[in-house]
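Novice: input32.pdb is the file, holding PDB, C-alpha atoms and all ligand atoms:
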```pdb
ATOM      1  CA  MET A1341      -7.579 -11.772  51.331
ATOM      2  CA  ASN A1342      -9.898 -11.167  54.280
ATOM      3  CA  ALA A1343     -13.667 -10.913  53.675
ATOM      4  CA  ALA A1344     -14.222  -7.852  55.944
ATOM      5  CA  PRO A1345     -13.804  -4.518  54.089
ATOM      6  CA  PRO A1346     -10.504  -2.826  55.033
ATOM      7  CA  THR A1347      -9.379   0.799  54.765
ATOM      8  CA  LEU A1348      -8.099   2.162  51.449
ATOM      9  CA  ALA A1349      -4.481   1.933  52.634
ATOM     10  CA  GLU A1350      -4.967  -1.628  53.830
ATOM     11  CA  ALA A1351      -6.716  -2.691  50.600
ATOM     12  CA  CYS A1352      -3.814  -1.302  48.585
ATOM     13  CA  ARG A1353      -1.307  -3.147  50.710
ATOM     14  CA  LEU A1354      -3.252  -6.428  50.565
ATOM     15  CA  GLY A1355      -3.709  -6.130  46.796
ATOM     16  CA  GLU A1356      -0.027  -5.428  46.265
ATOM     17  CA  ALA A1357       0.975  -8.377  48.460
ATOM     18  CA  ARG A1358      -1.361 -10.717  46.572
ATOM     19  CA  LEU A1359       0.171  -9.665  43.223
ATOM     20  CA  ALA A1360       3.794  -9.520  44.381
ATOM     21  CA  ASP A1361       4.759 -12.946  43.015
ATOM     22  CA  CYS A1362       3.087 -12.552  39.617
ATOM     23  CA  SER A1363       3.310  -8.910  38.544
ATOM     24  CA  GLU A1364       6.319  -6.622  38.284
ATOM     25  CA  SER A1365       4.006  -3.670  38.819
ATOM     26  CA  ALA A1366       2.072  -5.074  41.791
ATOM     27  CA  ARG A1367       1.654  -1.758  43.624
ATOM     28  CA  VAL A1368       0.575   0.221  40.561
ATOM     29  CA  ASP A1369      -1.759  -2.589  39.433
ATOM     30  CA  ALA A1370      -3.419  -2.655  42.854
ATOM     31  CA  GLU A1371      -3.803   1.132  42.831
ATOM     32  CA  TYR A1372      -5.375   1.145  39.350
ATOM     33  CA  LEU A1373      -7.822  -1.598  40.303
ATOM     34  CA  LEU A1374      -8.694   0.095  43.606
ATOM     35  CA  SER A1375      -9.223   3.360  41.775
ATOM     36  CA  HIS A1376     -11.517   1.568  39.323
ATOM     37  CA  VAL A1377     -13.769   0.064  42.016
ATOM     38  CA  THR A1378     -13.894   3.141  44.273
ATOM     39  CA  GLY A1379     -13.934   5.940  41.698
ATOM     40  CA  LEU A1380     -11.149   7.617  43.704
ATOM     41  CA  ASP A1381      -7.729   8.536  42.324
ATOM     42  CA  ARG A1382      -4.338   7.778  43.814
ATOM     43  CA  ALA A1383      -4.005  11.225  45.415
ATOM     44  CA  GLN A1384      -7.274  10.561  47.241
ATOM     45  CA  PHE A1385      -5.937   7.227  48.558
ATOM     46  CA  ARG A1386      -3.130   9.190  50.160
ATOM     47  CA  ALA A1387      -5.447  11.912  51.447
ATOM     48  CA  TYR A1388      -7.932   9.447  53.043
ATOM     49  CA  PRO A1389      -5.946   6.275  53.867
ATOM     50  CA  GLU A1390      -8.254   5.454  56.790
ATOM     51  CA  ARG A1391     -11.463   5.558  54.737
ATOM     52  CA  LEU A1392     -13.240   2.192  54.831
ATOM     53  CA  LEU A1393     -14.073   0.478  51.546
ATOM     54  CA  GLU A1394     -17.718  -0.340  50.917
ATOM     55  CA  ALA A1395     -18.444  -4.064  50.935
ATOM     56  CA  VAL A1396     -19.360  -4.126  47.235
ATOM     57  CA  ALA A1397     -16.157  -2.327  46.233
ATOM     58  CA  TRP A1398     -14.056  -4.659  48.374
ATOM     59  CA  GLU A1399     -15.702  -7.705  46.811
ATOM     60  CA  ARG A1400     -15.083  -6.341  43.285
ATOM     61  CA  PHE A1401     -11.489  -5.430  44.145
ATOM     62  CA  ARG A1402     -10.718  -8.908  45.423
ATOM     63  CA  ASN A1403     -12.263 -10.401  42.314
ATOM     64  CA  LEU A1404     -10.165  -8.175  40.023
ATOM     65  CA  ILE A1405      -6.986  -8.940  41.945
ATOM     66  CA  GLU A1406      -7.610 -12.665  41.423
ATOM     67  CA  GLN A1407      -8.122 -12.086  37.696
ATOM     68  CA  ARG A1408      -4.921 -10.052  37.595
ATOM     69  CA  ARG A1409      -3.146 -13.006  39.192
ATOM     70  CA  GLU A1410      -4.131 -14.942  36.079
ATOM     71  CA  ALA A1411      -2.248 -12.316  34.017
ATOM     72  CA  ARG A1412      -5.296 -10.529  32.624
ATOM     73  CA  PRO A1413      -4.078  -7.043  31.655
ATOM     74  CA  VAL A1414      -5.104  -4.248  34.009
ATOM     75  CA  ALA A1415      -6.474  -2.277  31.032
ATOM     76  CA  TYR A1416      -8.880  -5.107  30.177
ATOM     77  CA  LEU A1417      -9.923  -5.409  33.832
ATOM     78  CA  THR A1418     -10.697  -1.703  34.140
ATOM     79  CA  GLY A1419     -11.895  -1.439  30.519
ATOM     80  CA  GLU A1420      -9.820   1.627  29.793
ATOM     81  CA  ARG A1421      -6.363   2.932  28.981
ATOM     82  CA  GLY A1422      -5.003   6.471  28.817
ATOM     83  CA  PHE A1423      -3.410   7.488  25.515
ATOM     84  CA  MET A1424      -1.871  10.915  24.878
ATOM     85  CA  ASP A1425      -4.283  13.240  26.767
ATOM     86  CA  PHE A1426      -7.468  11.169  26.538
ATOM     87  CA  THR A1427      -8.903   7.837  27.684
ATOM     88  CA  LEU A1428      -9.896   4.937  25.448
ATOM     89  CA  GLN A1429     -12.260   2.066  26.101
ATOM     90  CA  VAL A1430     -10.453  -1.227  25.556
ATOM     91  CA  ASP A1431     -11.279  -4.895  25.824
ATOM     92  CA  GLU A1432     -10.042  -8.209  24.436
ATOM     93  CA  ARG A1433     -11.106  -7.202  20.915
ATOM     94  CA  VAL A1434      -8.282  -4.666  20.561
ATOM     95  CA  LEU A1435      -4.602  -4.220  21.276
ATOM     96  CA  ILE A1436      -3.989  -2.154  24.407
ATOM     97  CA  PRO A1437      -2.466   1.107  23.108
ATOM     98  CA  ARG A1438       1.219   1.386  24.000
ATOM     99  CA  PRO A1439       3.316   4.437  24.975
ATOM    100  CA  GLU A1440       5.528   3.702  21.916
ATOM    101  CA  THR A1441       2.567   4.498  19.687
ATOM    102  CA  GLU A1442       2.339   7.976  21.207
ATOM    103  CA  GLY A1443       5.749   8.530  19.577
ATOM    104  CA  LEU A1444       4.234   7.596  16.226
ATOM    105  CA  VAL A1445       1.467  10.162  16.754
ATOM    106  CA  GLU A1446       3.987  12.833  17.782
ATOM    107  CA  ALA A1447       6.065  12.240  14.640
ATOM    108  CA  ALA A1448       2.937  12.381  12.466
ATOM    109  CA  LEU A1449       1.875  15.653  14.083
ATOM    110  CA  GLU A1450       5.095  17.423  13.093
ATOM    111  CA  GLN A1451       3.738  18.353   9.673
ATOM    112  CA  PRO A1452       0.048  19.240   9.191
ATOM    113  CA  ALA A1453      -2.067  17.014   6.958
ATOM    114  CA  ARG A1454      -5.717  17.170   5.908
ATOM    115  CA  ARG A1455      -6.233  13.738   4.294
ATOM    116  CA  ILE A1456      -5.046  10.944   6.559
ATOM    117  CA  LEU A1457      -5.148   7.160   6.536
ATOM    118  CA  ASP A1458      -4.649   5.036   9.671
ATOM    119  CA  LEU A1459      -4.033   1.388   8.770
ATOM    120  CA  GLY A1460      -4.881  -1.191  11.447
ATOM    121  CA  THR A1461      -6.697   1.274  13.664
ATOM    122  CA  GLY A1462      -7.580  -1.155  16.498
ATOM    123  CA  SER A1463      -9.005   0.917  19.370
ATOM    124  CA  GLY A1464      -8.785   3.978  17.101
ATOM    125  CA  CYS A1465      -6.056   5.518  19.266
ATOM    126  CA  ILE A1466      -3.913   6.978  16.457
ATOM    127  CA  ALA A1467      -6.804   8.266  14.342
ATOM    128  CA  ILE A1468      -8.482   9.825  17.384
ATOM    129  CA  ALA A1469      -5.267  11.530  18.554
ATOM    130  CA  LEU A1470      -4.797  13.041  15.082
ATOM    131  CA  ALA A1471      -8.456  14.066  14.819
ATOM    132  CA  ARG A1472      -8.249  15.825  18.194
ATOM    133  CA  ALA A1473      -5.148  17.729  17.072
ATOM    134  CA  TRP A1474      -6.525  18.529  13.606
ATOM    135  CA  PRO A1475     -10.342  18.735  13.841
ATOM    136  CA  ALA A1476     -10.641  19.809  10.190
ATOM    137  CA  ALA A1477      -8.734  16.796   8.848
ATOM    138  CA  SER A1478     -10.568  13.956   7.148
ATOM    139  CA  ILE A1479      -9.338  10.619   8.451
ATOM    140  CA  ASP A1480      -9.977   7.109   7.149
ATOM    141  CA  ALA A1481      -9.270   4.325   9.644
ATOM    142  CA  VAL A1482      -9.065   0.744   8.352
ATOM    143  CA  ASP A1483      -9.054  -2.565  10.190
ATOM    144  CA  CYS A1484      -9.786  -6.124   9.067
ATOM    145  CA  SER A1485     -11.420  -6.885  12.420
ATOM    146  CA  ALA A1486     -15.092  -5.960  12.749
ATOM    147  CA  ASP A1487     -14.690  -6.497  16.499
ATOM    148  CA  ALA A1488     -11.881  -3.933  16.700
ATOM    149  CA  LEU A1489     -13.886  -1.457  14.639
ATOM    150  CA  ALA A1490     -16.808  -1.789  17.072
ATOM    151  CA  VAL A1491     -14.473  -0.701  19.890
ATOM    152  CA  ALA A1492     -13.049   2.129  17.748
ATOM    153  CA  ALA A1493     -16.605   3.331  17.028
ATOM    154  CA  VAL A1494     -17.308   3.641  20.773
ATOM    155  CA  ASN A1495     -14.059   5.560  21.277
ATOM    156  CA  ILE A1496     -14.782   7.876  18.370
ATOM    157  CA  ARG A1497     -18.219   8.639  19.793
ATOM    158  CA  GLN A1498     -16.870   9.225  23.292
ATOM    159  CA  THR A1499     -14.093  11.530  22.123
ATOM    160  CA  GLY A1500     -16.380  13.435  19.750
ATOM    161  CA  THR A1501     -14.100  12.740  16.771
ATOM    162  CA  ASP A1502     -16.972  11.788  14.483
ATOM    163  CA  SER A1503     -15.164  12.935  11.347
ATOM    164  CA  ILE A1504     -13.186   9.664  11.367
ATOM    165  CA  ARG A1505     -14.486   7.177   8.796
ATOM    166  CA  LEU A1506     -14.138   3.537   9.890
ATOM    167  CA  LEU A1507     -13.612   1.032   7.084
ATOM    168  CA  GLU A1508     -13.473  -2.750   7.351
ATOM    169  CA  GLY A1509     -11.083  -4.661   5.104
ATOM    170  CA  GLU A1510      -7.526  -5.712   4.340
ATOM    171  CA  TRP A1511      -5.073  -2.795   4.468
ATOM    172  CA  PHE A1512      -5.631  -0.616   1.352
ATOM    173  CA  ALA A1513      -8.574  -2.595  -0.068
ATOM    174  CA  PRO A1514     -11.313  -0.322   1.364
ATOM    175  CA  VAL A1515      -9.574   2.848   0.099
ATOM    176  CA  THR A1516      -8.715   1.851  -3.469
ATOM    177  CA  GLY A1517      -8.220   4.929  -5.624
ATOM    178  CA  ASN A1518      -7.842   7.340  -2.677
ATOM    179  CA  ARG A1519      -4.694   9.356  -2.045
ATOM    180  CA  TYR A1520      -3.602  10.817   1.292
ATOM    181  CA  GLU A1521      -1.134  13.365   2.590
ATOM    182  CA  LEU A1522      -0.277  11.154   5.536
ATOM    183  CA  ILE A1523      -0.444   7.408   6.154
ATOM    184  CA  VAL A1524       0.224   6.155   9.685
ATOM    185  CA  THR A1525       0.288   2.581  10.793
ATOM    186  CA  ASN A1526       1.130   0.381  13.728
ATOM    187  CA  PRO A1527       0.734  -2.992  12.014
ATOM    188  CA  PRO A1528       1.370  -6.420  13.529
ATOM    189  CA  TYR A1529       5.129  -6.976  13.415
ATOM    190  CA  ILE A1530       5.935 -10.062  15.470
ATOM    191  CA  GLY A1531       7.182 -13.181  13.693
ATOM    192  CA  ASP A1532       5.566 -16.569  14.264
ATOM    193  CA  ASP A1533       8.655 -17.944  15.996
ATOM    194  CA  GLU A1534       9.308 -14.968  18.243
ATOM    195  CA  PRO A1535       8.274 -15.278  21.880
ATOM    196  CA  GLN A1536       5.288 -13.247  22.996
ATOM    197  CA  PRO A1537       6.229  -9.692  23.883
ATOM    198  CA  ASP A1538       5.279  -8.135  27.211
ATOM    199  CA  GLU A1539       4.808 -11.650  28.582
ATOM    200  CA  GLY A1540       1.432 -11.409  30.346
ATOM    201  CA  ASP A1541      -0.535  -8.757  28.506
ATOM    202  CA  ALA A1542       0.060  -9.996  24.965
ATOM    203  CA  ARG A1543      -1.235 -13.453  25.854
ATOM    204  CA  HIS A1544      -4.698 -11.932  26.124
ATOM    205  CA  GLU A1545      -4.509  -9.610  23.123
ATOM    206  CA  PRO A1546      -5.871 -10.463  19.652
ATOM    207  CA  ARG A1547      -3.401 -12.558  17.687
ATOM    208  CA  GLN A1548      -4.035 -10.673  14.448
ATOM    209  CA  ALA A1549      -3.003  -7.455  16.194
ATOM    210  CA  LEU A1550       0.434  -8.858  17.023
ATOM    211  CA  ARG A1551       1.490 -11.613  14.643
ATOM    212  CA  ALA A1552       2.311 -10.750  11.043
ATOM    213  CA  GLY A1553       3.491 -14.113   9.659
ATOM    214  CA  PRO A1554       6.701 -16.169   9.623
ATOM    215  CA  SER A1555       9.192 -13.264   9.530
ATOM    216  CA  GLY A1556       7.156 -10.565  11.269
ATOM    217  CA  MET A1557       7.789  -8.189   8.325
ATOM    218  CA  GLU A1558       4.895  -9.373   6.137
ATOM    219  CA  ALA A1559       2.384  -6.617   6.952
ATOM    220  CA  ILE A1560       5.025  -3.878   6.918
ATOM    221  CA  ALA A1561       6.353  -5.008   3.520
ATOM    222  CA  LEU A1562       2.886  -5.133   2.018
ATOM    223  CA  ILE A1563       2.009  -1.671   3.337
ATOM    224  CA  ILE A1564       5.247  -0.128   2.044
ATOM    225  CA  GLU A1565       4.835  -1.779  -1.356
ATOM    226  CA  ASN A1566       1.357  -0.321  -1.809
ATOM    227  CA  ALA A1567       1.660   2.998   0.042
ATOM    228  CA  GLY A1568       2.927   4.956  -2.974
ATOM    229  CA  GLN A1569      -0.308   4.320  -4.861
ATOM    230  CA  HIS A1570      -2.199   5.942  -1.983
ATOM    231  CA  LEU A1571       0.006   8.940  -1.227
ATOM    232  CA  LYS A1572      -0.213  12.404  -2.726
ATOM    233  CA  ALA A1573       2.961  14.078  -3.986
ATOM    234  CA  ASN A1574       5.304  14.613  -1.024
ATOM    235  CA  GLY A1575       2.929  12.638   1.209
ATOM    236  CA  ARG A1576       4.381  10.926   4.270
ATOM    237  CA  LEU A1577       4.300   7.397   5.639
ATOM    238  CA  TRP A1578       5.082   6.662   9.308
ATOM    239  CA  ILE A1579       5.352   3.072  10.511
ATOM    240  CA  GLU A1580       5.768   1.640  13.994
ATOM    241  CA  HIS A1581       7.908  -1.507  13.971
ATOM    242  CA  GLY A1582       9.854  -3.933  16.136
ATOM    243  CA  TYR A1583      13.076  -2.640  17.648
ATOM    244  CA  ARG A1584      15.215  -4.861  15.409
ATOM    245  CA  GLN A1585      13.328  -4.077  12.191
ATOM    246  CA  ALA A1586      14.393  -0.464  11.550
ATOM    247  CA  GLU A1587      17.107  -1.261   8.999
ATOM    248  CA  ALA A1588      14.835  -3.623   7.052
ATOM    249  CA  VAL A1589      12.040  -1.025   7.060
ATOM    250  CA  ARG A1590      14.422   1.677   5.794
ATOM    251  CA  GLN A1591      15.599  -0.593   2.982
ATOM    252  CA  LEU A1592      12.032  -1.407   1.950
ATOM    253  CA  LEU A1593      11.106   2.295   1.968
ATOM    254  CA  ALA A1594      14.124   3.204  -0.152
ATOM    255  CA  ALA A1595      13.453   0.362  -2.599
ATOM    256  CA  ALA A1596       9.824   1.498  -2.943
ATOM    257  CA  GLY A1597      10.957   5.037  -3.880
ATOM    258  CA  PHE A1598      10.598   6.926  -0.580
ATOM    259  CA  HIS A1599      13.139   9.594   0.364
ATOM    260  CA  ALA A1600      13.975  11.613   3.512
ATOM    261  CA  ILE A1601      13.766   8.333   5.404
ATOM    262  CA  GLU A1602      14.328   8.578   9.151
ATOM    263  CA  THR A1603      14.004   6.400  12.222
ATOM    264  CA  ARG A1604      13.063   7.558  15.718
ATOM    265  CA  ALA A1605      13.679   5.820  19.024
ATOM    266  CA  ASP A1606      11.073   5.143  21.699
ATOM    267  CA  LEU A1607      11.440   6.197  25.343
ATOM    268  CA  ALA A1608      13.506   3.090  26.053
ATOM    269  CA  GLY A1609      15.961   4.119  23.317
ATOM    270  CA  HIS A1610      14.879   1.400  20.857
ATOM    271  CA  ASP A1611      14.454   2.250  17.176
ATOM    272  CA  ARG A1612      10.672   2.138  16.974
ATOM    273  CA  ILE A1613       9.248   4.229  14.154
ATOM    274  CA  THR A1614      10.446   4.895  10.650
ATOM    275  CA  GLY A1615       9.020   7.238   8.067
ATOM    276  CA  GLY A1616       9.644   8.614   4.630
ATOM    277  CA  HIS A1617       8.341  11.045   2.031
ATOM    278  CA  TRP A1618       6.842  10.057  -1.274
ATOM    279  CA  PRO A1619       8.355  11.966  -4.214
ATOM    280  CA  GLU A1620       6.910  15.218  -5.544
ATOM    281  CA  ALA A1621       5.673  13.787  -8.839
ATOM    282  CA  THR A1622       3.511  10.703  -8.351
ATOM    283  CA  GLU A1623       1.458  10.544 -11.523
TER     284      GLU A1623
HETATM  285  C1  LIG B1701      -0.624  -3.662  16.458
HETATM  286  S1  LIG B1701      -2.380  -3.469  16.271
HETATM  287  C2  LIG B1701      -2.492  -1.698  16.298
HETATM  288  C3  LIG B1701      -3.785  -1.167  16.831
HETATM  289  C4  LIG B1701      -3.782   0.357  17.070
HETATM  290  N1  LIG B1701      -3.531   1.080  15.847
HETATM  291  C5  LIG B1701      -2.706   0.714  18.094
HETATM  292  O1  LIG B1701      -1.699   1.312  17.721
HETATM  293  O2  LIG B1701      -2.876   0.388  19.279
HETATM  294  C6  LIG B1701      -2.603  -3.885  14.571
HETATM  295  C7  LIG B1701      -4.012  -3.753  14.033
HETATM  296  O3  LIG B1701      -3.984  -4.157  12.656
HETATM  297  C8  LIG B1701      -5.134  -4.910  12.373
HETATM  298  N2  LIG B1701      -4.836  -5.782  11.227
HETATM  299  C9  LIG B1701      -4.133  -6.929  11.221
HETATM  300  N3  LIG B1701      -4.083  -7.444   9.975
HETATM  301  C10 LIG B1701      -4.764  -6.587   9.172
HETATM  302  C11 LIG B1701      -5.057  -6.577   7.778
HETATM  303  N4  LIG B1701      -4.653  -7.551   6.968
HETATM  304  N5  LIG B1701      -5.792  -5.533   7.289
HETATM  305  C12 LIG B1701      -6.220  -4.541   8.107
HETATM  306  N6  LIG B1701      -5.966  -4.508   9.449
HETATM  307  C13 LIG B1701      -5.239  -5.523   9.970
HETATM  308  C14 LIG B1701      -5.432  -5.673  13.652
HETATM  309  O4  LIG B1701      -6.785  -6.098  13.698
HETATM  310  C15 LIG B1701      -5.048  -4.640  14.707
HETATM  311  O5  LIG B1701      -6.160  -3.880  15.102
END
```
Please render this file's structure as structure tokens.

Specialist:
Amino acid sequence: MNAAPPTLAEACRLGEARLADCSESARVDAEYLLSHVTGLDRAQFRAYPERLLEAVAWERFRNLIEQRREARPVAYLTGERGFMDFTLQVDERVLIPRPETEGLVEAALEQPARRILDLGTGSGCIAIALARAWPAASIDAVDCSADALAVAAVNIRQTGTDSIRLLEGEWFAPVTGNRYELIVTNPPYIGDDEPQPDEGDARHEPRQALRAGPSGMEAIALIIENAGQHLKANGRLWIEHGYRQAEAVRQLLAAAGFHAIETRADLAGHDRITGGHWPEATE
């Protein structure tokens, strides 16, 4: 791309052309990156197409476009991703929150809860969404990655959801003895032999956020097996899973003693989240 700063419209067009052979969302990618370097939104691009880019912004834009050509996710390049009605800081230490996970949050929000556990919190997206909806709830958010928890801590601070307690450790280990009304989790659920999902983006995301073990069901099975010991009577468990895992998840939930088990589809129509209720009498 040319070294002289172009207009906004021209920069968009040049960025899109440069990404056309390597990104299926070339236009949108270019717009996001242009928005990031100029501080303007897409409506403003349309309102002021003839506005000239400043030299520094043009230089940064060209640099980001080249990084995008190497398949670095747009969210890592801009350092942020929208989730529900708020924005999260993200970088290579955390999974980029997905629209499918908003479905998990929506299902969890259907029935109020005051004691909540988010397993594998990553960027903190699920815990933060629940804390914003239910400011009086007390939420524990666990992750085995200190790096991920550092990102979650920034997001918690920035969203003012300071009631969330971040805990480092393996699944239920940091919350031994605690019981919750609601457990939500988007654990790793890809098997070792499965190809990377989402092609580009996942190549840059933390392996422990995506890969669960040989079958892909290892983390889910472990969580279901131990969830009952951490749920109050009639507490709920909601799990995000791979689109071919719903039946296996339902069977594991039933075998563990859950009832009212149901699966919901994501926006693409794939079975994506499954949940169940723990029985009335737990002790
Ligand atoms: C698929 S990511 C989900 C992140 C975030 N909740 C979201 O929905 O975007 C799974 C998360 O589980 C964490 N994780 C993986 N293995 C774990 C384990 N054994 N104990 C606790 N957390 C684990 C990863 O570090 C990662 O942050």

Novice: Produce as number ranges by chain the set of residues near ligand LIG 1701 (chain B), where near means within 9 Å with only C-alpha atoms and all ligand atoms considered.

Specialist: A: 1433-1438, 1440-1442, 1444, 1458-1467, 1482-1489, 1508-1513, 1524-1529, 1546-1552, 1559, 1580

Novice: Give me, please, the distance in Å between atom CA of A:Ala1561 and atom CA of A:Val1589, quoted to one decimal.

Specialist: 7.8 Å

Novice: Would you work out the distance separating atom CA of A:Ile1601 from atom CA of A:Arg1505, expressed in Å to one decimal?

Specialist: 28.5 Å

Novice: Using all atoms listed in the file, can you tell me which of A:Pro1554, A:Ala1448, A:Asp1425, A:Glu1432 comes closest to A:Thr1499?

Specialist: A:Asp1425

Novice: With all atoms listed in the file as the atoms that count, which of A:Arg1543, A:Arg1497, A:Arg1412, A:His1570 lies nearest to A:Gln1429?

Specialist: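 With all atoms listed in the file as the atom set, the closest residue is A:Arg1497.
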
Novice: Which value, in Å to one decimal, gives the distance between atom CA of A:Arg1472 and atom CA of A:Met1424?

Specialist: 10.5 Å

Novice: Tell me which protein, DNA and RNA residues are within 12 Å of A:Leu1354, counting only C-alpha atoms, leaving out same-chain ones fewer than 5 positions away, and put them as a PDB file with C-alpha atoms, in the frame of the given file.

Specialist:
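After the write, around26.pdb holds the following:
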```
ATOM      1  CA  MET A1341      -7.579 -11.772  51.331  1.00  0.00           C
ATOM      2  CA  ASN A1342      -9.898 -11.167  54.280  1.00  0.00           C
ATOM      3  CA  ALA A1343     -13.667 -10.913  53.675  1.00  0.00           C
ATOM      4  CA  PRO A1345     -13.804  -4.518  54.089  1.00  0.00           C
ATOM      5  CA  PRO A1346     -10.504  -2.826  55.033  1.00  0.00           C
ATOM      6  CA  THR A1347      -9.379   0.799  54.765  1.00  0.00           C
ATOM      7  CA  LEU A1348      -8.099   2.162  51.449  1.00  0.00           C
ATOM      8  CA  ALA A1349      -4.481   1.933  52.634  1.00  0.00           C
ATOM      9  CA  LEU A1359       0.171  -9.665  43.223  1.00  0.00           C
ATOM     10  CA  ALA A1360       3.794  -9.520  44.381  1.00  0.00           C
ATOM     11  CA  ALA A1366       2.072  -5.074  41.791  1.00  0.00           C
ATOM     12  CA  ARG A1367       1.654  -1.758  43.624  1.00  0.00           C
ATOM     13  CA  ASP A1369      -1.759  -2.589  39.433  1.00  0.00           C
ATOM     14  CA  ALA A1370      -3.419  -2.655  42.854  1.00  0.00           C
ATOM     15  CA  GLU A1371      -3.803   1.132  42.831  1.00  0.00           C
ATOM     16  CA  LEU A1374      -8.694   0.095  43.606  1.00  0.00           C
ATOM     17  CA  TRP A1398     -14.056  -4.659  48.374  1.00  0.00           C
ATOM     18  CA  PHE A1401     -11.489  -5.430  44.145  1.00  0.00           C
ATOM     19  CA  ARG A1402     -10.718  -8.908  45.423  1.00  0.00           C
ATOM     20  CA  ILE A1405      -6.986  -8.940  41.945  1.00  0.00           C
ATOM     21  CA  GLU A1406      -7.610 -12.665  41.423  1.00  0.00           C
TER      22      GLU A1406
END
```

Novice: Taking the block just given, write stretch 1460-1476 of chain A to a file that holds N, CA and C atoms, as a PDB file, in the first residue's frame.

Specialist:
```pdb
ATOM      1  N   GLY A1460     -13.425 -21.577  34.331  1.00  0.00           N
ATOM      2  CA  GLY A1460     -12.667 -21.283  33.115  1.00  0.00           C
ATOM      3  C   GLY A1460     -13.039 -19.900  32.614  1.00  0.00           C
ATOM      4  N   THR A1461     -12.828 -18.908  33.463  1.00  0.00           N
ATOM      5  CA  THR A1461     -13.392 -17.574  33.191  1.00  0.00           C
ATOM      6  C   THR A1461     -12.708 -16.833  32.044  1.00  0.00           C
ATOM      7  N   GLY A1462     -11.440 -17.150  31.751  1.00  0.00           N
ATOM      8  CA  GLY A1462     -10.741 -16.491  30.639  1.00  0.00           C
ATOM      9  C   GLY A1462     -10.738 -14.979  30.805  1.00  0.00           C
ATOM     10  N   SER A1463     -11.282 -14.275  29.822  1.00  0.00           N
ATOM     11  CA  SER A1463     -11.346 -12.802  29.866  1.00  0.00           C
ATOM     12  C   SER A1463     -12.292 -12.300  30.948  1.00  0.00           C
ATOM     13  N   GLY A1464     -13.079 -13.216  31.534  1.00  0.00           N
ATOM     14  CA  GLY A1464     -14.064 -12.818  32.544  1.00  0.00           C
ATOM     15  C   GLY A1464     -15.424 -12.516  31.943  1.00  0.00           C
ATOM     16  N   CYS A1465     -15.579 -12.774  30.635  1.00  0.00           N
ATOM     17  CA  CYS A1465     -16.789 -12.316  29.931  1.00  0.00           C
ATOM     18  C   CYS A1465     -18.089 -12.795  30.579  1.00  0.00           C
ATOM     19  N   ILE A1466     -18.168 -14.075  30.938  1.00  0.00           N
ATOM     20  CA  ILE A1466     -19.425 -14.621  31.467  1.00  0.00           C
ATOM     21  C   ILE A1466     -19.691 -14.031  32.857  1.00  0.00           C
ATOM     22  N   ALA A1467     -18.682 -14.079  33.709  1.00  0.00           N
ATOM     23  CA  ALA A1467     -18.851 -13.575  35.081  1.00  0.00           C
ATOM     24  C   ALA A1467     -19.241 -12.094  35.058  1.00  0.00           C
ATOM     25  N   ILE A1468     -18.607 -11.328  34.200  1.00  0.00           N
ATOM     26  CA  ILE A1468     -18.883  -9.886  34.138  1.00  0.00           C
ATOM     27  C   ILE A1468     -20.309  -9.635  33.637  1.00  0.00           C
ATOM     28  N   ALA A1469     -20.726 -10.388  32.611  1.00  0.00           N
ATOM     29  CA  ALA A1469     -22.098 -10.214  32.095  1.00  0.00           C
ATOM     30  C   ALA A1469     -23.113 -10.518  33.191  1.00  0.00           C
ATOM     31  N   LEU A1470     -22.870 -11.556  33.984  1.00  0.00           N
ATOM     32  CA  LEU A1470     -23.811 -11.912  35.051  1.00  0.00           C
ATOM     33  C   LEU A1470     -23.771 -10.867  36.172  1.00  0.00           C
ATOM     34  N   ALA A1471     -22.572 -10.383  36.478  1.00  0.00           N
ATOM     35  CA  ALA A1471     -22.444  -9.379  37.547  1.00  0.00           C
ATOM     36  C   ALA A1471     -23.132  -8.068  37.148  1.00  0.00           C
ATOM     37  N   ARG A1472     -23.068  -7.735  35.865  1.00  0.00           N
ATOM     38  CA  ARG A1472     -23.748  -6.505  35.410  1.00  0.00           C
ATOM     39  C   ARG A1472     -25.266  -6.667  35.500  1.00  0.00           C
ATOM     40  N   ALA A1473     -25.753  -7.876  35.209  1.00  0.00           N
ATOM     41  CA  ALA A1473     -27.202  -8.102  35.275  1.00  0.00           C
ATOM     42  C   ALA A1473     -27.687  -8.215  36.716  1.00  0.00           C
ATOM     43  N   TRP A1474     -26.855  -8.812  37.572  1.00  0.00           N
ATOM     44  CA  TRP A1474     -27.239  -9.051  38.969  1.00  0.00           C
ATOM     45  C   TRP A1474     -26.158  -8.470  39.890  1.00  0.00           C
ATOM     46  N   PRO A1475     -26.171  -7.157  40.108  1.00  0.00           N
ATOM     47  CA  PRO A1475     -25.092  -6.524  40.886  1.00  0.00           C
ATOM     48  C   PRO A1475     -24.984  -7.065  42.313  1.00  0.00           C
ATOM     49  N   ALA A1476     -26.062  -7.612  42.856  1.00  0.00           N
ATOM     50  CA  ALA A1476     -26.007  -8.093  44.243  1.00  0.00           C
ATOM     51  C   ALA A1476     -25.479  -9.528  44.345  1.00  0.00           C
TER      52      ALA A1476
END
```
